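Visitor: Below are the structure tokens for one structure; questions will follow.
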Amino acid sequence: MPSNTERENRIFQALADPSRRAIFESLTRGEVAVKDLTARFDLSQPAVSQHLAVLKDAGLVSGRREGRQVFYHVEPQGMKPLIDWLTHYRAFWLDRVGRLERLLETLDR
């Protein structure tokens, strides 16, 4: 099982690409077949499949086969490592901004 850092890295790397972010965003609206994703974007079917493979490897999406078609959907827990990371740094920055505000208030007097 990958460590938290490895999972975070996979998520950041997966979402770093604008095409993958757009595909992920499209999947947040509901399950979609690969052929329909290909029609939505100016990408070839192999390119869409490669992007989906990266998103799947990062744990952000999963697919199910129905006949010859594969349907992809967002994995609800896929963003949890990223959300946890952001929550940690949100607390860090809120503390720092609070300190800065207090310092600026004392300098303004």
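Going by the structure tokens order, chains are called A, B, ..., each with residues numbered from 1, while ligands are numbered from 1 in the order shown.
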Within 7 Å of segment 69-88 of chain A, which residues of segment 23-56 of chain A show up? Give each one with its shortest atom-to-atom distance in Å (one decimal) and the two atoms involved, counting only C-alpha atoms, rows by chain then rising residue number, as a Markdown table.
Guide:
```
| residue | atom | partner | partner_atom | distance |
| --- | --- | --- | --- | --- |
| A:Leu27 | CA | A:His73 | CA | 5.6 |
| A:Thr28 | CA | A:Val74 | CA | 6.0 |
| A:Gly30 | CA | A:His73 | CA | 6.3 |
| A:Glu31 | CA | A:His73 | CA | 4.5 |
| A:Val32 | CA | A:Phe71 | CA | 5.2 |
| A:Ala33 | CA | A:Phe71 | CA | 4.1 |
| A:Val34 | CA | A:Val70 | CA | 6.1 |
```
Visitor: Using only C-alpha atoms, which residues sit within 10 Å of Arg10 of chain A once same-chain residues fewer than 5 positions away are excluded, as an NGL selection string?
Guide: :A and (2 or 4-5 or 15-16 or 54-60 or 82)
Visitor: Put those residues in a file: C-alpha atoms, as a compact mmCIF listing (two decimals), in the first residue's frame.
Guide:
```
# COMPACT_ATOMS: atom_id res chain seq x y z
CA PRO A 2 1.48 3.39 -0.96
CA ASN A 4 0.42 9.10 2.24
CA THR A 5 3.22 11.02 0.56
CA LEU A 15 -4.18 16.77 -11.57
CA ALA A 16 -1.19 18.79 -12.80
CA VAL A 54 -3.24 8.07 -14.60
CA LEU A 55 -6.36 9.26 -12.75
CA LYS A 56 -7.19 5.65 -11.85
CA ASP A 57 -3.64 4.97 -10.63
CA ALA A 58 -3.96 8.04 -8.40
CA GLY A 59 -7.17 6.62 -6.94
CA LEU A 60 -9.29 9.47 -8.28
CA LEU A 82 -5.15 15.83 -0.89
```
Visitor: Could you find all residues in chain A that DSSP calls strand (DSSP E or B) from the backbone, and write them as an NGL selection string?
Guide: :A and (32-33 or 61-66 or 69-74)
Visitor: Pick out the residues sitting within 10 Å of Arg20 of chain A, and hand them over as a PyMOL selection string; count only C-alpha atoms, and ignore anything fewer than 2 positions along from it in its own chain.
Guide: chain A and resi 13-18+22-26+48+50-52+54-55
Visitor: Can you write out the residues you just picked, keeping C-alpha atoms, as a PDB file, in the first residue's frame?
Guide:
```
ATOM      1  CA  GLN A  13       0.852  14.651 -10.657  1.00  0.00           C
ATOM      2  CA  ALA A  14      -2.472  13.414 -12.025  1.00  0.00           C
ATOM      3  CA  LEU A  15      -4.182  16.767 -11.567  1.00  0.00           C
ATOM      4  CA  ALA A  16      -1.194  18.788 -12.801  1.00  0.00           C
ATOM      5  CA  ASP A  17      -2.201  18.132 -16.391  1.00  0.00           C
ATOM      6  CA  PRO A  18      -4.983  20.444 -17.659  1.00  0.00           C
ATOM      7  CA  ALA A  22     -10.872  18.664 -17.317  1.00  0.00           C
ATOM      8  CA  ILE A  23     -11.641  14.947 -17.610  1.00  0.00           C
ATOM      9  CA  PHE A  24     -11.838  14.631 -13.817  1.00  0.00           C
ATOM     10  CA  GLU A  25     -14.122  17.672 -13.636  1.00  0.00           C
ATOM     11  CA  SER A  26     -16.344  16.165 -16.311  1.00  0.00           C
ATOM     12  CA  VAL A  48      -8.265   9.819 -23.083  1.00  0.00           C
ATOM     13  CA  GLN A  50      -4.039   7.171 -20.929  1.00  0.00           C
ATOM     14  CA  HIS A  51      -5.336  10.126 -18.913  1.00  0.00           C
ATOM     15  CA  LEU A  52      -7.940   7.892 -17.279  1.00  0.00           C
ATOM     16  CA  VAL A  54      -3.240   8.067 -14.603  1.00  0.00           C
ATOM     17  CA  LEU A  55      -6.360   9.258 -12.753  1.00  0.00           C
TER      18      LEU A  55
END
```
Visitor: List every residue of segment 16-108 of chain A that DSSP, applied to the backbone of this structure, assigns to alpha helix (DSSP H), and report them as JSON, numbers by chain.
Guide: {"A": [16, 18, 19, 20, 21, 22, 23, 24, 25, 26, 27, 34, 35, 36, 37, 38, 39, 40, 45, 46, 47, 48, 49, 50, 51, 52, 53, 54, 55, 56, 57, 80, 81, 82, 83, 84, 85, 86, 87, 88, 89, 90, 91, 92, 93, 94, 95, 96, 97, 98, 99, 100, 101, 102, 103, 104, 105, 106, 107, 108]}
Visitor: Keeping only C-alpha atoms, write those residues as a JSON list (two decimals), in the first residue's frame.
Guide:
```
[["chain", "number", "residue", "atom", "x", "y", "z"],
["A", 16, "ALA", "CA", -1.19, 18.79, -12.80],
["A", 18, "PRO", "CA", -4.98, 20.44, -17.66],
["A", 19, "SER", "CA", -6.56, 17.70, -19.80],
["A", 20, "ARG", "CA", -6.73, 15.31, -16.85],
["A", 21, "ARG", "CA", -8.24, 18.03, -14.65],
["A", 22, "ALA", "CA", -10.87, 18.66, -17.32],
["A", 23, "ILE", "CA", -11.64, 14.95, -17.61],
["A", 24, "PHE", "CA", -11.84, 14.63, -13.82],
["A", 25, "GLU", "CA", -14.12, 17.67, -13.64],
["A", 26, "SER", "CA", -16.34, 16.16, -16.31],
["A", 27, "LEU", "CA", -16.60, 12.94, -14.30],
["A", 34, "VAL", "CA", -14.77, 6.50, -22.56],
["A", 35, "LYS", "CA", -16.25, 7.06, -26.04],
["A", 36, "ASP", "CA", -18.37, 9.92, -24.68],
["A", 37, "LEU", "CA", -15.36, 11.50, -22.96],
["A", 38, "THR", "CA", -13.47, 11.29, -26.23],
["A", 39, "ALA", "CA", -16.31, 13.14, -27.96],
["A", 40, "ARG", "CA", -16.28, 15.89, -25.29],
["A", 45, "GLN", "CA", -9.42, 7.76, -27.62],
["A", 46, "PRO", "CA", -5.94, 6.41, -26.71],
["A", 47, "ALA", "CA", -5.05, 9.79, -25.14],
["A", 48, "VAL", "CA", -8.27, 9.82, -23.08],
["A", 49, "SER", "CA", -7.57, 6.24, -21.99],
["A", 50, "GLN", "CA", -4.04, 7.17, -20.93],
["A", 51, "HIS", "CA", -5.34, 10.13, -18.91],
["A", 52, "LEU", "CA", -7.94, 7.89, -17.28],
["A", 53, "ALA", "CA", -5.23, 5.36, -16.41],
["A", 54, "VAL", "CA", -3.24, 8.07, -14.60],
["A", 55, "LEU", "CA", -6.36, 9.26, -12.75],
["A", 56, "LYS", "CA", -7.19, 5.65, -11.85],
["A", 57, "ASP", "CA", -3.64, 4.97, -10.63],
["A", 80, "LYS", "CA", -9.02, 12.46, 0.79],
["A", 81, "PRO", "CA", -5.18, 12.47, 0.91],
["A", 82, "LEU", "CA", -5.15, 15.83, -0.89],
["A", 83, "ILE", "CA", -7.90, 17.25, 1.33],
["A", 84, "ASP", "CA", -5.99, 16.10, 4.43],
["A", 85, "TRP", "CA", -2.83, 17.74, 3.10],
["A", 86, "LEU", "CA", -4.65, 20.99, 2.39],
["A", 87, "THR", "CA", -6.32, 20.93, 5.81],
["A", 88, "HIS", "CA", -2.93, 20.62, 7.49],
["A", 89, "TYR", "CA", -1.50, 23.58, 5.58],
["A", 90, "ARG", "CA", -4.67, 25.61, 5.96],
["A", 91, "ALA", "CA", -4.24, 25.47, 9.73],
["A", 92, "PHE", "CA", -0.55, 26.34, 9.31],
["A", 93, "TRP", "CA", -1.26, 29.40, 7.15],
["A", 94, "LEU", "CA", -4.19, 30.60, 9.25],
["A", 95, "ASP", "CA", -1.86, 30.63, 12.25],
["A", 96, "ARG", "CA", 0.82, 32.51, 10.31],
["A", 97, "VAL", "CA", -1.65, 35.05, 8.90],
["A", 98, "GLY", "CA", -3.05, 35.60, 12.40],
["A", 99, "ARG", "CA", 0.45, 36.29, 13.70],
["A", 100, "LEU", "CA", 1.11, 38.69, 10.85],
["A", 101, "GLU", "CA", -2.16, 40.55, 11.50],
["A", 102, "ARG", "CA", -1.26, 40.95, 15.19],
["A", 103, "LEU", "CA", 2.23, 42.18, 14.28],
["A", 104, "LEU", "CA", 0.83, 44.70, 11.81],
["A", 105, "GLU", "CA", -1.65, 45.95, 14.41],
["A", 106, "THR", "CA", 1.18, 46.60, 16.87],
["A", 107, "LEU", "CA", 3.21, 48.39, 14.19],
["A", 108, "ASP", "CA", 0.25, 50.61, 13.27]]
```
